[in-house]
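Engineer: My structure is in coords_6.tsv, and what it holds is TSV, C-alpha atoms:
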```
chain	number	residue	atom	x	y	z
A	1234	MET	CA	15.13	33.15	21.08
A	1235	PRO	CA	13.28	35.67	23.32
A	1236	ARG	CA	12.92	34.90	26.98
A	1237	ARG	CA	9.68	33.45	28.23
A	1238	PRO	CA	7.69	34.89	31.16
A	1239	SER	CA	8.69	33.99	34.70
A	1240	TRP	CA	7.80	30.49	35.79
A	1241	PRO	CA	5.24	31.61	38.45
A	1242	LEU	CA	3.30	33.49	35.76
A	1243	SER	CA	3.60	30.55	33.35
A	1244	VAL	CA	2.37	28.09	35.97
A	1245	PHE	CA	-0.55	30.39	36.86
A	1246	VAL	CA	-1.63	30.81	33.24
A	1247	ASP	CA	-1.27	27.09	32.50
A	1248	GLY	CA	-3.21	26.21	35.65
A	1249	CYS	CA	-6.10	28.51	34.68
A	1250	LEU	CA	-6.12	27.16	31.14
A	1251	ALA	CA	-5.98	23.55	32.40
A	1252	ALA	CA	-9.05	24.11	34.58
A	1253	VAL	CA	-10.97	25.81	31.75
A	1254	THR	CA	-10.09	23.21	29.10
A	1255	TYR	CA	-11.00	20.32	31.42
A	1256	PHE	CA	-14.48	21.75	31.86
A	1257	ALA	CA	-14.66	22.57	28.12
A	1258	ALA	CA	-13.82	18.92	27.32
A	1259	TYR	CA	-16.97	17.79	29.16
A	1260	TRP	CA	-18.97	20.54	27.51
A	1261	LEU	CA	-17.87	19.16	24.14
A	1262	ARG	CA	-18.47	15.57	25.20
A	1263	PHE	CA	-22.01	15.78	26.59
A	1264	PRO	CA	-25.14	17.71	25.61
A	1265	ALA	CA	-26.46	20.28	28.06
A	1266	ASP	CA	-29.18	17.98	29.45
A	1267	ARG	CA	-26.57	15.37	30.46
A	1268	LEU	CA	-23.70	17.63	31.43
A	1269	GLY	CA	-25.16	18.36	34.85
A	1270	THR	CA	-24.91	14.73	35.97
A	1271	PHE	CA	-21.13	14.74	35.36
A	1272	LEU	CA	-20.34	18.12	36.92
A	1273	PRO	CA	-19.83	16.80	40.50
A	1274	LYS	CA	-17.08	14.45	39.30
A	1275	VAL	CA	-15.62	17.22	37.12
A	1276	TRP	CA	-15.03	19.42	40.16
A	1277	THR	CA	-13.73	16.46	42.17
A	1278	THR	CA	-11.22	15.25	39.59
A	1279	MET	CA	-10.15	18.65	38.23
A	1280	PRO	CA	-7.41	19.23	40.87
A	1281	TRP	CA	-5.86	15.85	40.03
A	1282	VAL	CA	-5.84	16.59	36.32
A	1283	VAL	CA	-4.50	20.14	36.67
A	1284	ALA	CA	-1.79	19.02	39.10
A	1285	GLY	CA	-0.75	16.15	36.82
A	1286	GLN	CA	-0.53	18.40	33.77
A	1287	LEU	CA	1.46	21.11	35.56
A	1288	GLY	CA	3.79	18.51	37.05
A	1289	ALA	CA	4.44	16.95	33.65
A	1290	LEU	CA	5.06	20.38	32.09
A	1291	ALA	CA	7.62	21.06	34.79
A	1292	ALA	CA	9.22	17.64	34.24
A	1293	THR	CA	9.61	18.32	30.50
A	1294	ARG	CA	11.23	21.70	31.33
A	1295	ALA	CA	8.44	23.67	29.71
A	1296	TYR	CA	9.05	26.44	32.26
A	1297	ALA	CA	12.71	27.00	31.43
A	1298	ARG	CA	13.58	30.70	31.38
A	1299	TRP	CA	15.63	30.36	28.19
A	1300	PRO	CA	13.78	27.66	26.25
A	1301	ARG	CA	15.45	25.30	23.84
A	1302	ILE	CA	14.38	25.25	20.23
A	1303	ASP	CA	12.27	22.12	20.84
A	1304	TRP	CA	10.06	23.86	23.41
A	1305	LEU	CA	6.92	23.35	21.34
A	1306	ALA	CA	7.36	19.56	21.44
A	1307	ARG	CA	8.16	19.78	25.16
A	1308	VAL	CA	4.92	21.63	25.91
A	1309	ILE	CA	2.76	19.22	23.91
A	1310	SER	CA	4.47	16.13	25.33
A	1311	GLY	CA	4.11	17.55	28.84
A	1312	VAL	CA	0.38	18.13	28.39
A	1313	VAL	CA	-0.20	14.67	26.91
A	1314	ALA	CA	1.90	12.92	29.55
A	1315	GLY	CA	0.26	14.86	32.38
A	1316	THR	CA	-3.21	14.05	31.12
A	1317	ALA	CA	-2.35	10.35	30.79
A	1318	VAL	CA	-0.79	10.15	34.26
A	1319	SER	CA	-3.68	11.97	35.92
A	1320	SER	CA	-6.21	9.65	34.24
A	1321	ILE	CA	-4.31	6.63	35.57
A	1322	VAL	CA	-4.23	8.11	39.07
A	1323	ILE	CA	-7.97	8.87	38.95
A	1324	ALA	CA	-8.72	5.33	37.77
A	1325	ALA	CA	-6.66	3.86	40.63
A	1326	THR	CA	-8.14	6.11	43.35
A	1327	VAL	CA	-11.69	7.30	42.75
A	1328	GLY	CA	-12.45	5.17	39.67
A	1329	PHE	CA	-14.05	6.15	36.37
A	1330	GLU	CA	-17.63	6.14	37.63
A	1331	GLY	CA	-19.09	9.42	36.38
A	1332	VAL	CA	-15.83	10.29	34.61
A	1333	SER	CA	-15.53	10.40	30.83
A	1334	ARG	CA	-12.46	8.70	29.38
A	1335	VAL	CA	-12.92	10.41	26.01
A	1336	ALA	CA	-12.99	13.81	27.70
A	1337	PHE	CA	-9.33	13.30	28.62
A	1338	VAL	CA	-8.49	13.22	24.90
A	1339	ALA	CA	-10.37	16.46	24.26
A	1340	ASP	CA	-8.72	18.04	27.30
A	1341	ALA	CA	-5.24	17.15	26.02
A	1342	VAL	CA	-6.00	18.58	22.57
A	1343	LEU	CA	-7.51	21.83	23.86
A	1344	LEU	CA	-4.83	22.43	26.50
A	1345	SER	CA	-2.05	21.73	23.97
A	1346	ILE	CA	-3.51	24.37	21.66
A	1347	ALA	CA	-3.98	26.85	24.50
A	1348	ALA	CA	-0.56	26.30	26.09
A	1349	VAL	CA	1.30	26.51	22.80
A	1350	GLY	CA	-0.86	29.39	21.61
A	1351	TRP	CA	-0.26	31.76	24.50
A	1352	ARG	CA	3.45	30.96	24.54
A	1353	GLY	CA	3.65	31.53	20.81
A	1354	ALA	CA	1.86	34.88	21.12
A	1355	TRP	CA	4.29	35.87	23.89
A	1356	VAL	CA	7.33	34.87	21.80
A	1357	LEU	CA	6.06	36.75	18.74
A	1358	ARG	CA	5.39	39.86	20.83
A	1359	ALA	CA	8.80	39.66	22.54
A	1360	ARG	CA	10.47	39.11	19.18
A	1361	ALA	CA	8.82	42.22	17.73
A	1362	ARG	CA	9.87	44.32	20.72
A	1363	ALA	CA	13.45	43.05	20.57
A	1364	ARG	CA	13.73	43.83	16.85
A	1365	ALA	CA	12.28	47.30	17.40
A	1366	ALA	CA	14.76	48.00	20.22
A	1367	VAL	CA	17.71	46.89	18.07
A	1368	ARG	CA	16.62	49.10	15.16
A	1369	ALA	CA	16.10	52.10	17.46
A	1370	ALA	CA	19.54	51.74	19.06
A	1371	SER	CA	21.43	51.17	15.82
A	1372	ASP	CA	22.60	53.81	13.39
A	1373	GLU	CA	24.17	51.27	11.05
A	1374	LEU	CA	22.89	50.15	7.69
A	1375	VAL	CA	19.43	48.56	7.84
A	1376	ASP	CA	19.06	44.89	6.97
A	1377	ARG	CA	15.82	44.71	5.00
A	1378	ALA	CA	15.56	40.97	5.56
A	1379	GLU	CA	15.64	41.58	9.34
A	1380	GLU	CA	12.78	44.03	8.97
A	1381	MET	CA	10.52	41.20	7.77
A	1382	ALA	CA	11.18	38.99	10.81
A	1383	THR	CA	8.07	39.87	12.87
A	1384	VAL	CA	4.35	39.26	12.35
A	1385	GLY	CA	3.64	42.99	12.11
A	1386	ALA	CA	6.42	43.46	9.57
A	1387	VAL	CA	5.17	40.52	7.51
A	1388	ALA	CA	1.62	41.88	7.59
A	1389	THR	CA	2.87	45.27	6.48
A	1390	GLY	CA	5.00	43.61	3.84
A	1391	LEU	CA	2.02	41.65	2.55
A	1392	TYR	CA	0.13	44.91	2.08
A	1393	ALA	CA	3.12	46.58	0.47
A	1394	TYR	CA	3.56	43.61	-1.87
A	1395	ARG	CA	-0.16	43.08	-2.43
A	1396	GLU	CA	0.29	43.43	-6.17
A	1397	LEU	CA	2.84	40.60	-6.11
A	1398	LEU	CA	0.45	38.48	-4.05
A	1399	ARG	CA	-2.38	39.21	-6.45
A	1400	SER	CA	-0.15	38.45	-9.43
A	1401	LEU	CA	0.87	35.08	-7.96
A	1402	VAL	CA	-2.77	34.09	-7.42
A	1403	VAL	CA	-3.80	35.24	-10.91
A	1404	LYS	CA	-0.76	33.51	-12.44
A	1405	ASP	CA	-1.71	30.19	-10.83
A	1406	LEU	CA	-5.30	30.58	-12.03
A	1407	LYS	CA	-4.15	31.30	-15.59
A	1408	LEU	CA	-1.64	28.44	-15.61
A	1409	LYS	CA	-4.28	25.99	-14.47
A	1410	TYR	CA	-6.47	26.74	-17.49
A	1411	ARG	CA	-3.77	27.67	-20.01
A	1412	GLY	CA	-4.48	26.12	-23.38
A	1413	SER	CA	-8.05	25.11	-22.52
A	1414	VAL	CA	-10.91	26.29	-24.70
A	1415	PHE	CA	-13.36	27.23	-21.95
A	1416	GLY	CA	-10.82	28.52	-19.40
A	1417	PHE	CA	-12.40	29.67	-16.12
A	1418	LEU	CA	-15.73	28.17	-17.13
A	1419	TRP	CA	-14.33	24.82	-16.00
A	1420	SER	CA	-14.40	26.10	-12.43
A	1421	LEU	CA	-18.08	26.82	-12.90
A	1422	ALA	CA	-18.89	23.58	-14.70
A	1423	ASN	CA	-17.04	21.36	-12.23
A	1424	PRO	CA	-19.48	21.65	-9.29
A	1425	LEU	CA	-22.47	21.19	-11.61
A	1426	LEU	CA	-20.94	18.02	-13.05
A	1427	MET	CA	-20.16	16.77	-9.55
A	1428	ILE	CA	-23.79	17.31	-8.54
A	1429	VAL	CA	-25.00	15.22	-11.48
A	1430	VAL	CA	-22.49	12.42	-10.86
A	1431	TYR	CA	-23.15	12.28	-7.12
A	1432	THR	CA	-26.92	12.33	-7.68
A	1433	ILE	CA	-26.73	9.34	-10.03
A	1434	ALA	CA	-24.24	7.45	-7.86
A	1435	PHE	CA	-25.91	7.90	-4.47
A	1436	SER	CA	-29.56	8.13	-5.49
A	1437	PHE	CA	-29.82	5.45	-8.19
A	1438	ILE	CA	-26.81	3.14	-7.76
A	1439	LEU	CA	-26.06	3.09	-4.02
A	1440	ARG	CA	-29.66	4.10	-3.28
A	1441	VAL	CA	-28.89	6.30	-0.30
A	1442	ARG	CA	-32.28	7.15	1.17
A	1443	SER	CA	-31.19	10.19	3.13
A	1444	GLU	CA	-33.09	13.23	1.92
A	1445	ARG	CA	-30.94	15.80	0.06
A	1446	PHE	CA	-27.85	13.68	0.63
A	1447	VAL	CA	-25.98	15.12	-2.39
A	1448	TYR	CA	-26.59	18.64	-1.07
A	1449	PHE	CA	-25.21	17.56	2.31
A	1450	LEU	CA	-22.20	15.90	0.69
A	1451	MET	CA	-21.26	18.90	-1.46
A	1452	LEU	CA	-21.43	21.24	1.53
A	1453	GLY	CA	-18.61	19.22	3.05
A	1454	GLN	CA	-16.73	18.24	-0.09
A	1455	LEU	CA	-16.07	21.74	-1.42
A	1456	PRO	CA	-14.50	23.25	1.75
A	1457	TRP	CA	-12.53	20.04	2.27
A	1458	THR	CA	-11.12	20.35	-1.27
A	1459	PHE	CA	-10.13	23.95	-0.50
A	1460	PHE	CA	-8.24	22.87	2.63
A	1461	ALA	CA	-6.65	19.71	1.21
A	1462	SER	CA	-5.49	21.42	-1.99
A	1463	SER	CA	-4.03	24.33	-0.03
A	1464	ALA	CA	-2.16	21.95	2.29
A	1465	ALA	CA	-0.80	19.88	-0.59
A	1466	MET	CA	0.31	22.90	-2.64
A	1467	SER	CA	1.90	24.64	0.35
A	1468	THR	CA	4.49	21.86	0.69
A	1469	GLY	CA	6.08	23.10	-2.54
A	1470	ALA	CA	5.48	26.82	-2.02
A	1471	LEU	CA	9.09	27.46	-0.96
A	1472	VAL	CA	11.13	24.55	-2.31
A	1473	ASP	CA	9.65	24.87	-5.81
A	1474	ASN	CA	10.34	28.62	-5.98
A	1475	ALA	CA	14.02	28.62	-5.03
A	1476	GLY	CA	14.97	30.76	-8.03
A	1477	LEU	CA	12.45	33.46	-7.13
A	1478	LEU	CA	13.58	33.46	-3.49
A	1479	ARG	CA	17.22	33.94	-4.47
A	1480	SER	CA	16.63	36.70	-6.99
A	1481	VAL	CA	14.05	38.98	-5.35
A	1482	LEU	CA	13.67	40.27	-1.79
A	1483	PHE	CA	10.07	40.09	-0.61
A	1484	PRO	CA	8.20	38.63	2.39
A	1485	ARG	CA	8.66	34.89	1.89
A	1486	ALA	CA	5.36	34.24	3.65
A	1487	ILE	CA	3.67	35.49	0.47
A	1488	LEU	CA	4.33	32.16	-1.24
A	1489	PRO	CA	2.49	29.80	1.16
A	1490	ILE	CA	-0.19	32.40	1.78
A	1491	GLY	CA	-0.60	32.77	-1.98
A	1492	THR	CA	-1.33	29.05	-2.34
A	1493	ALA	CA	-4.10	29.34	0.25
A	1494	LEU	CA	-5.60	32.38	-1.48
A	1495	PHE	CA	-5.40	30.68	-4.89
A	1496	ASN	CA	-7.44	27.75	-3.60
A	1497	LEU	CA	-9.78	30.16	-1.84
A	1498	ALA	CA	-10.49	31.78	-5.22
A	1499	GLN	CA	-11.20	28.35	-6.67
A	1500	PHE	CA	-13.51	27.55	-3.77
A	1501	LEU	CA	-15.45	30.80	-4.09
A	1502	LEU	CA	-15.92	30.26	-7.82
A	1503	THR	CA	-17.31	26.77	-7.37
A	1504	PHE	CA	-19.39	27.68	-4.32
A	1505	ALA	CA	-20.93	30.63	-6.16
A	1506	VAL	CA	-22.34	28.17	-8.72
A	1507	PHE	CA	-23.03	25.25	-6.42
A	1508	LEU	CA	-24.98	27.00	-3.68
A	1509	PRO	CA	-27.65	28.75	-5.79
A	1510	ALA	CA	-28.05	25.64	-7.96
A	1511	MET	CA	-28.56	23.35	-4.96
A	1512	LEU	CA	-30.86	25.78	-3.15
A	1513	LEU	CA	-33.08	25.95	-6.23
A	1514	TRP	CA	-32.89	22.22	-7.00
A	1515	TYR	CA	-33.82	21.12	-3.49
A	1516	ARG	CA	-36.07	24.14	-2.84
A	1517	VAL	CA	-34.18	25.22	0.27
A	1518	PRO	CA	-35.33	28.69	1.32
A	1519	PRO	CA	-32.70	31.17	2.59
A	1520	SER	CA	-32.41	31.58	6.34
A	1521	ILE	CA	-30.80	34.07	8.74
A	1522	PRO	CA	-28.10	31.61	9.98
A	1523	MET	CA	-26.70	31.44	6.43
A	1524	ALA	CA	-25.43	34.98	6.94
A	1525	LEU	CA	-22.74	33.54	9.23
A	1526	PHE	CA	-21.03	31.82	6.30
A	1527	PRO	CA	-18.41	34.60	5.81
A	1528	VAL	CA	-17.46	34.36	9.49
A	1529	PHE	CA	-16.72	30.63	9.40
A	1530	LEU	CA	-15.07	30.97	6.00
A	1531	ALA	CA	-12.76	33.63	7.46
A	1532	LEU	CA	-11.91	31.29	10.34
A	1533	GLN	CA	-11.17	28.48	7.88
A	1534	VAL	CA	-8.95	30.79	5.81
A	1535	VAL	CA	-6.96	31.79	8.92
A	1536	PHE	CA	-6.65	28.14	9.91
A	1537	THR	CA	-5.59	27.12	6.40
A	1538	ILE	CA	-2.96	29.88	6.19
A	1539	GLY	CA	-1.50	28.72	9.52
A	1540	ILE	CA	-1.29	25.12	8.30
A	1541	ALA	CA	0.21	26.30	5.00
A	1542	LEU	CA	2.96	28.19	6.84
A	1543	ILE	CA	3.78	25.15	8.96
A	1544	LEU	CA	3.87	22.74	6.01
A	1545	ALA	CA	5.84	25.10	3.77
A	1546	THR	CA	8.50	25.56	6.45
A	1547	THR	CA	8.81	21.92	7.51
A	1548	THR	CA	9.04	20.73	3.88
A	1549	VAL	CA	12.13	22.90	3.41
A	1550	PHE	CA	13.95	20.80	6.02
A	1551	PHE	CA	12.15	17.46	5.63
A	1552	ARG	CA	11.12	16.72	2.05
A	1553	ASP	CA	9.24	13.59	3.16
A	1554	VAL	CA	6.47	15.85	4.48
A	1555	ARG	CA	4.91	15.87	1.01
A	1556	HIS	CA	4.51	12.10	0.94
A	1557	LEU	CA	3.41	11.87	4.57
A	1558	LEU	CA	0.77	14.54	3.96
A	1559	GLU	CA	-0.88	12.43	1.24
A	1560	ILE	CA	-1.44	9.62	3.75
A	1561	VAL	CA	-2.62	11.99	6.47
A	1562	LEU	CA	-5.13	13.73	4.20
A	1563	ALA	CA	-6.53	10.40	3.00
A	1564	ALA	CA	-7.09	9.31	6.60
A	1565	LEU	CA	-8.49	12.66	7.69
A	1566	PHE	CA	-11.06	12.64	4.89
A	1567	TRP	CA	-12.83	9.64	6.42
A	1568	MET	CA	-12.43	11.03	9.94
A	1569	THR	CA	-14.13	14.29	8.93
A	1570	PRO	CA	-17.97	14.45	8.82
A	1571	ILE	CA	-18.26	14.95	5.07
A	1572	LEU	CA	-20.14	11.82	4.02
A	1573	TYR	CA	-21.98	11.52	7.32
A	1574	ASP	CA	-23.40	13.68	10.05
A	1575	VAL	CA	-21.39	13.82	13.25
A	1576	GLU	CA	-24.56	12.87	15.15
A	1577	GLN	CA	-24.56	9.51	13.33
A	1578	VAL	CA	-21.18	8.59	14.82
A	1579	PRO	CA	-21.27	6.25	17.87
A	1580	GLU	CA	-21.30	8.34	21.01
A	1581	ARG	CA	-17.96	7.10	22.29
A	1582	LEU	CA	-16.24	8.25	19.06
A	1583	ARG	CA	-18.25	11.40	18.43
A	1584	LEU	CA	-15.93	13.69	20.36
A	1585	VAL	CA	-12.85	12.35	18.57
A	1586	ILE	CA	-14.47	12.99	15.17
A	1587	SER	CA	-15.54	16.47	16.29
A	1588	LEU	CA	-11.91	17.33	17.10
A	1589	THR	CA	-10.40	16.45	13.70
A	1590	PRO	CA	-8.92	19.56	12.04
A	1591	MET	CA	-11.67	20.36	9.52
A	1592	SER	CA	-14.61	19.00	11.51
A	1593	PRO	CA	-15.78	22.25	13.17
A	1594	PHE	CA	-15.82	24.17	9.89
A	1595	ILE	CA	-17.68	21.52	7.88
A	1596	THR	CA	-20.10	20.94	10.75
A	1597	ALA	CA	-20.79	24.67	10.75
A	1598	TYR	CA	-21.50	24.70	7.01
A	1599	HIS	CA	-23.88	21.77	7.43
A	1600	LYS	CA	-25.68	23.59	10.24
A	1601	LEU	CA	-25.93	26.87	8.31
A	1602	PHE	CA	-27.05	25.59	4.91
A	1603	PHE	CA	-28.45	22.08	5.38
A	1604	TYR	CA	-30.20	22.31	8.74
A	1605	ARG	CA	-30.59	26.12	8.56
A	1606	GLU	CA	-29.65	26.38	12.24
A	1607	TRP	CA	-27.19	28.33	14.36
A	1608	PRO	CA	-23.99	26.35	15.05
A	1609	ALA	CA	-23.64	25.17	18.63
A	1610	GLY	CA	-21.30	26.91	21.03
A	1611	THR	CA	-18.99	23.89	20.98
A	1612	VAL	CA	-18.54	24.30	17.22
A	1613	TRP	CA	-17.61	27.95	17.73
A	1614	LEU	CA	-15.16	27.03	20.48
A	1615	VAL	CA	-13.24	24.46	18.43
A	1616	ALA	CA	-13.31	26.53	15.21
A	1617	VAL	CA	-11.92	29.65	16.88
A	1618	ALA	CA	-9.34	27.64	18.87
A	1619	TYR	CA	-8.11	25.85	15.74
A	1620	ALA	CA	-7.96	29.04	13.64
A	1621	LEU	CA	-6.04	31.09	16.21
A	1622	GLY	CA	-3.84	28.18	17.30
A	1623	ALA	CA	-2.84	27.19	13.77
A	1624	PHE	CA	-2.12	30.79	12.75
A	1625	ILE	CA	0.00	31.58	15.83
A	1626	VAL	CA	2.00	28.35	15.57
A	1627	GLY	CA	2.37	28.77	11.80
A	1628	ALA	CA	3.64	32.35	12.13
A	1629	MET	CA	5.99	31.38	14.95
A	1630	VAL	CA	7.48	28.39	13.12
A	1631	PHE	CA	7.87	30.31	9.86
A	1632	LEU	CA	9.58	33.31	11.47
A	1633	ALA	CA	11.81	31.11	13.64
A	1634	TYR	CA	13.25	29.28	10.61
A	1635	GLU	CA	12.92	31.94	7.90
A	1636	ASP	CA	16.61	32.87	8.12
A	1637	ARG	CA	17.63	29.28	7.33
A	1638	ILE	CA	15.28	28.74	4.39
A	1639	MET	CA	17.74	30.02	1.79
A	1640	GLU	CA	20.40	27.57	3.01
A	1641	GLN	CA	18.10	24.62	2.34
A	1642	VAL	CA	16.30	25.47	-0.90
```
How does this structure look as structure tokens?

Structural biologist:
Amino acid sequence: MPRRPSWPLSVFVDGCLAAVTYFAAYWLRFPADRLGTFLPKVWTTMPWVVAGQLGALAATRAYARWPRIDWLARVISGVVAGTAVSSIVIAATVGFEGVSRVAFVADAVLLSIAAVGWRGAWVLRARARARAAVRAASDELVDRAEEMATVGAVATGLYAYRELLRSLVVKDLKLKYRGSVFGFLWSLANPLLMIVVYTIAFSFILRVRSERFVYFLMLGQLPWTFFASSAAMSTGALVDNAGLLRSVLFPRAILPIGTALFNLAQFLLTFAVFLPAMLLWYRVPPSIPMALFPVFLALQVVFTIGIALILATTTVFFRDVRHLLEIVLAALFWMTPILYDVEQVPERLRLVISLTPMSPFITAYHKLFFYREWPAGTVWLVAVAYALGAFIVGAMVFLAYEDRIMEQV
């Protein structure tokens, strides 16, 4: 594994990130009109929190020059332990008056993403440089499998094998509707049928009085289905294609990425029917914020690809991931603001709900299409952090274990 940066640089970067994420946690926790009342305690308690987190990272050997293979778990456990210890020290010394307990949770989540993310980017960059140096110094035969062991090489390989990627997506689409009379029309009929069923169920049976509730529900349900289906299918992307992996040399990342793109195609087909139908039915006029939809969709795609890479790799070594994922997705559905607005959640739980994996993306879709407003800066912050963090970690995990995949499948 490539060496990490020197420990003074690592401590400096982590310290800066710890200070920024601690402030960002309060920004996420409180609206702008209330944030000012908590800022004095933020500045007072920040040194305690930063010192506790850096101390715990050092105790878990997160600054080792030659990291062990479990460094990712060490970094996350160090951040969590440091945040917990610092909160206990603050409670015992200055007290929690003017200090948000829930903000500590957000701080631990954000700093874990940031600390793992910058380390992962460093490792991927060092890995690419090391591979390039080895190839430049060697006149021996070239190992084509080794050439696919960096992010840049995989990206180039994806472009070179774009026809294979397209064929895999088209094949999955054809297999899904093989033998059916109406074929792809089912993708178009499905959202319309869902609209009718949900309208009857929530308007006439459950008598939900919220205006345009079905429109609100579908805006969350469709992107959630895209994410959940991609996650579930990615667990079998490698283990179910062992024969293809053994017989043909190609970037193995194509398989989990292909599952995400297949479900993206499904999502776009259904959304293309659903959105115009609902805008006409509920007489919702177009607005300028709706133009941001491709941006948040791109962030969700990057996030979903990162999760797909992680799940595809871990399932190769731990087949129970498939069964565990079913339970996790069922729990996450109710912890994601699909059936309810995040503003309806009790204030003490609102931040926790806002930090669930799909929450920033679905909240953004609600803001763009239902409320016809610009998403708040906090939504942007969490969405971008989750997309970049998931992709970096996914690429790092996949490349780190890619050489051992064939031994397990």

Engineer: Skipping near chain neighbours, those fewer than 2 positions away, what residues fall within 12 Å of Ala1292 (chain A) using all atoms listed in the file, listed as a ChimeraX atom specification?

Structural biologist: /A:1285-1290,1294-1297,1307-1308,1310-1312,1314-1315

Engineer: Rounded to one decimal place, report the CA of Val1630 (chain A)-CA of Thr1254 (chain A) distance in Å.

Structural biologist: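 So the answer is 24.3 Å.
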
Engineer: As a PDB file with C-alpha atoms, keeping the file's coordinate frame, please: the residues near Val1585 (chain A) (cut-off 8 Å, only C-alpha atoms, same-chain neighbours under 6 positions excluded).

Structural biologist:
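result27.pdb was written with the following content:
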```pdb
ATOM      1  CA  VAL A1335     -12.920  10.410  26.010  1.00  0.00           C
ATOM      2  CA  VAL A1338      -8.490  13.220  24.900  1.00  0.00           C
ATOM      3  CA  ALA A1339     -10.370  16.460  24.260  1.00  0.00           C
TER       4      ALA A1339
END
```

Engineer: My list of candidates is A:Ile1323, A:Val1615, A:Leu1632, A:Ala1336. Which is closest to Phe1271 (chain A) when distances are computed with all atoms listed in the file?

Structural biologist: A:Ala1336

Engineer: Show which residues sit within 10 Å of Val1447 (chain A), as a list in words. Count all atoms listed in the file, and ignore same-chain residues fewer than 6 positions away.

Structural biologist: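 In the requested form, the answer reads Met1427, Ile1428, Val1429, Val1430, Tyr1431, Thr1432, Ile1433, Ala1434, Phe1435, Ser1436, Val1441, Met1511, Tyr1515 and Leu1572 of chain A.
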
Engineer: Using CA of Trp1304 (chain A) and CA of Arg1352 (chain A) as the two end points, give the distance in Å to one decimal.

Structural biologist: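 Interatomic distance, CA of Trp1304 (chain A) to CA of Arg1352 (chain A): 9.8 Å.
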
Engineer: CA of Ile1571 (chain A) to CA of Gly1453 (chain A): how many Å, to one decimal?

Structural biologist: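 Interatomic distance here is 4.7 Å.
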
Engineer: Which residues of region 1517-1574 of chain A have any atom within 7 Å of an atom in region 1458-1468 of chain A when counting all atoms listed in the file, and what is the closest pair of atoms for each, with the distance in Å to one decimal? Order the rows by chain and rising number and write it as a tab-separated table.

Structural biologist:
```
residue	atom	partner	partner_atom	distance
A:Thr1537	CA	A:Phe1460	CA	6.3
A:Ile1540	CA	A:Ala1464	CA	6.9
A:Ala1541	CA	A:Ser1467	CA	5.2
A:Leu1544	CA	A:Thr1468	CA	5.4
A:Ala1545	CA	A:Thr1468	CA	4.7
A:Thr1548	CA	A:Thr1468	CA	5.7
A:Arg1555	CA	A:Thr1468	CA	6.0
A:Leu1562	CA	A:Ala1461	CA	6.9
```

Engineer: Now that the selection is made, can you save its residues with C-alpha atoms as a PDB file, in the frame of the given file?

Structural biologist:
```
ATOM      1  CA  THR A1537      -5.590  27.120   6.400  1.00  0.00           C
ATOM      2  CA  ILE A1540      -1.290  25.120   8.300  1.00  0.00           C
ATOM      3  CA  ALA A1541       0.210  26.300   5.000  1.00  0.00           C
ATOM      4  CA  LEU A1544       3.870  22.740   6.010  1.00  0.00           C
ATOM      5  CA  ALA A1545       5.840  25.100   3.770  1.00  0.00           C
ATOM      6  CA  THR A1548       9.040  20.730   3.880  1.00  0.00           C
ATOM      7  CA  ARG A1555       4.910  15.870   1.010  1.00  0.00           C
ATOM      8  CA  LEU A1562      -5.130  13.730   4.200  1.00  0.00           C
TER       9      LEU A1562
END
```

Engineer: Return the single residue from A:Leu1508, A:Ile1638, A:Met1629, A:Ile1487 that is closest to Val1356 (chain A), with distances computed using only C-alpha atoms.

Structural biologist: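 The answer is A:Met1629, which sits nearest to Val1356 (chain A).
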
Engineer: Nearest residue to Ala1348 (chain A) out of A:Gln1454, A:Thr1277, A:Leu1582, A:Val1626, using only C-alpha atoms?

Structural biologist: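 Ranking A:Gln1454, A:Thr1277, A:Leu1582, A:Val1626 by distance to Ala1348 (chain A), first place goes to A:Val1626.
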
Engineer: Given the point (-14.5, 31.1, 8.0) in the file's coordinates, find the residues that have an atom at most 12 Å from it, counting all atoms listed in the file, and give them as number ranges by chain.

Structural biologist: A: 1456, 1459-1460, 1497, 1524-1538, 1591, 1593-1598, 1613, 1616-1617, 1619-1621

Engineer: Write the residues you've just listed into a file as a short mmCIF file (atom, residue, chain, number, x, y, z; two decimals), keeping the file's coordinate frame, and include C-alpha atoms for each of them.

Structural biologist:
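This is the output file again.cif:
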```cif
data_model
loop_
_atom_site.label_atom_id
_atom_site.label_comp_id
_atom_site.auth_asym_id
_atom_site.auth_seq_id
_atom_site.Cartn_x
_atom_site.Cartn_y
_atom_site.Cartn_z
CA PRO A 1456 -14.50 23.25 1.75
CA PHE A 1459 -10.13 23.95 -0.50
CA PHE A 1460 -8.24 22.87 2.63
CA LEU A 1497 -9.78 30.16 -1.84
CA ALA A 1524 -25.43 34.98 6.94
CA LEU A 1525 -22.74 33.54 9.23
CA PHE A 1526 -21.03 31.82 6.30
CA PRO A 1527 -18.41 34.60 5.81
CA VAL A 1528 -17.46 34.36 9.49
CA PHE A 1529 -16.72 30.63 9.40
CA LEU A 1530 -15.07 30.97 6.00
CA ALA A 1531 -12.76 33.63 7.46
CA LEU A 1532 -11.91 31.29 10.34
CA GLN A 1533 -11.17 28.48 7.88
CA VAL A 1534 -8.95 30.79 5.81
CA VAL A 1535 -6.96 31.79 8.92
CA PHE A 1536 -6.65 28.14 9.91
CA THR A 1537 -5.59 27.12 6.40
CA ILE A 1538 -2.96 29.88 6.19
CA MET A 1591 -11.67 20.36 9.52
CA PRO A 1593 -15.78 22.25 13.17
CA PHE A 1594 -15.82 24.17 9.89
CA ILE A 1595 -17.68 21.52 7.88
CA THR A 1596 -20.10 20.94 10.75
CA ALA A 1597 -20.79 24.67 10.75
CA TYR A 1598 -21.50 24.70 7.01
CA TRP A 1613 -17.61 27.95 17.73
CA ALA A 1616 -13.31 26.53 15.21
CA VAL A 1617 -11.92 29.65 16.88
CA TYR A 1619 -8.11 25.85 15.74
CA ALA A 1620 -7.96 29.04 13.64
CA LEU A 1621 -6.04 31.09 16.21
#
```
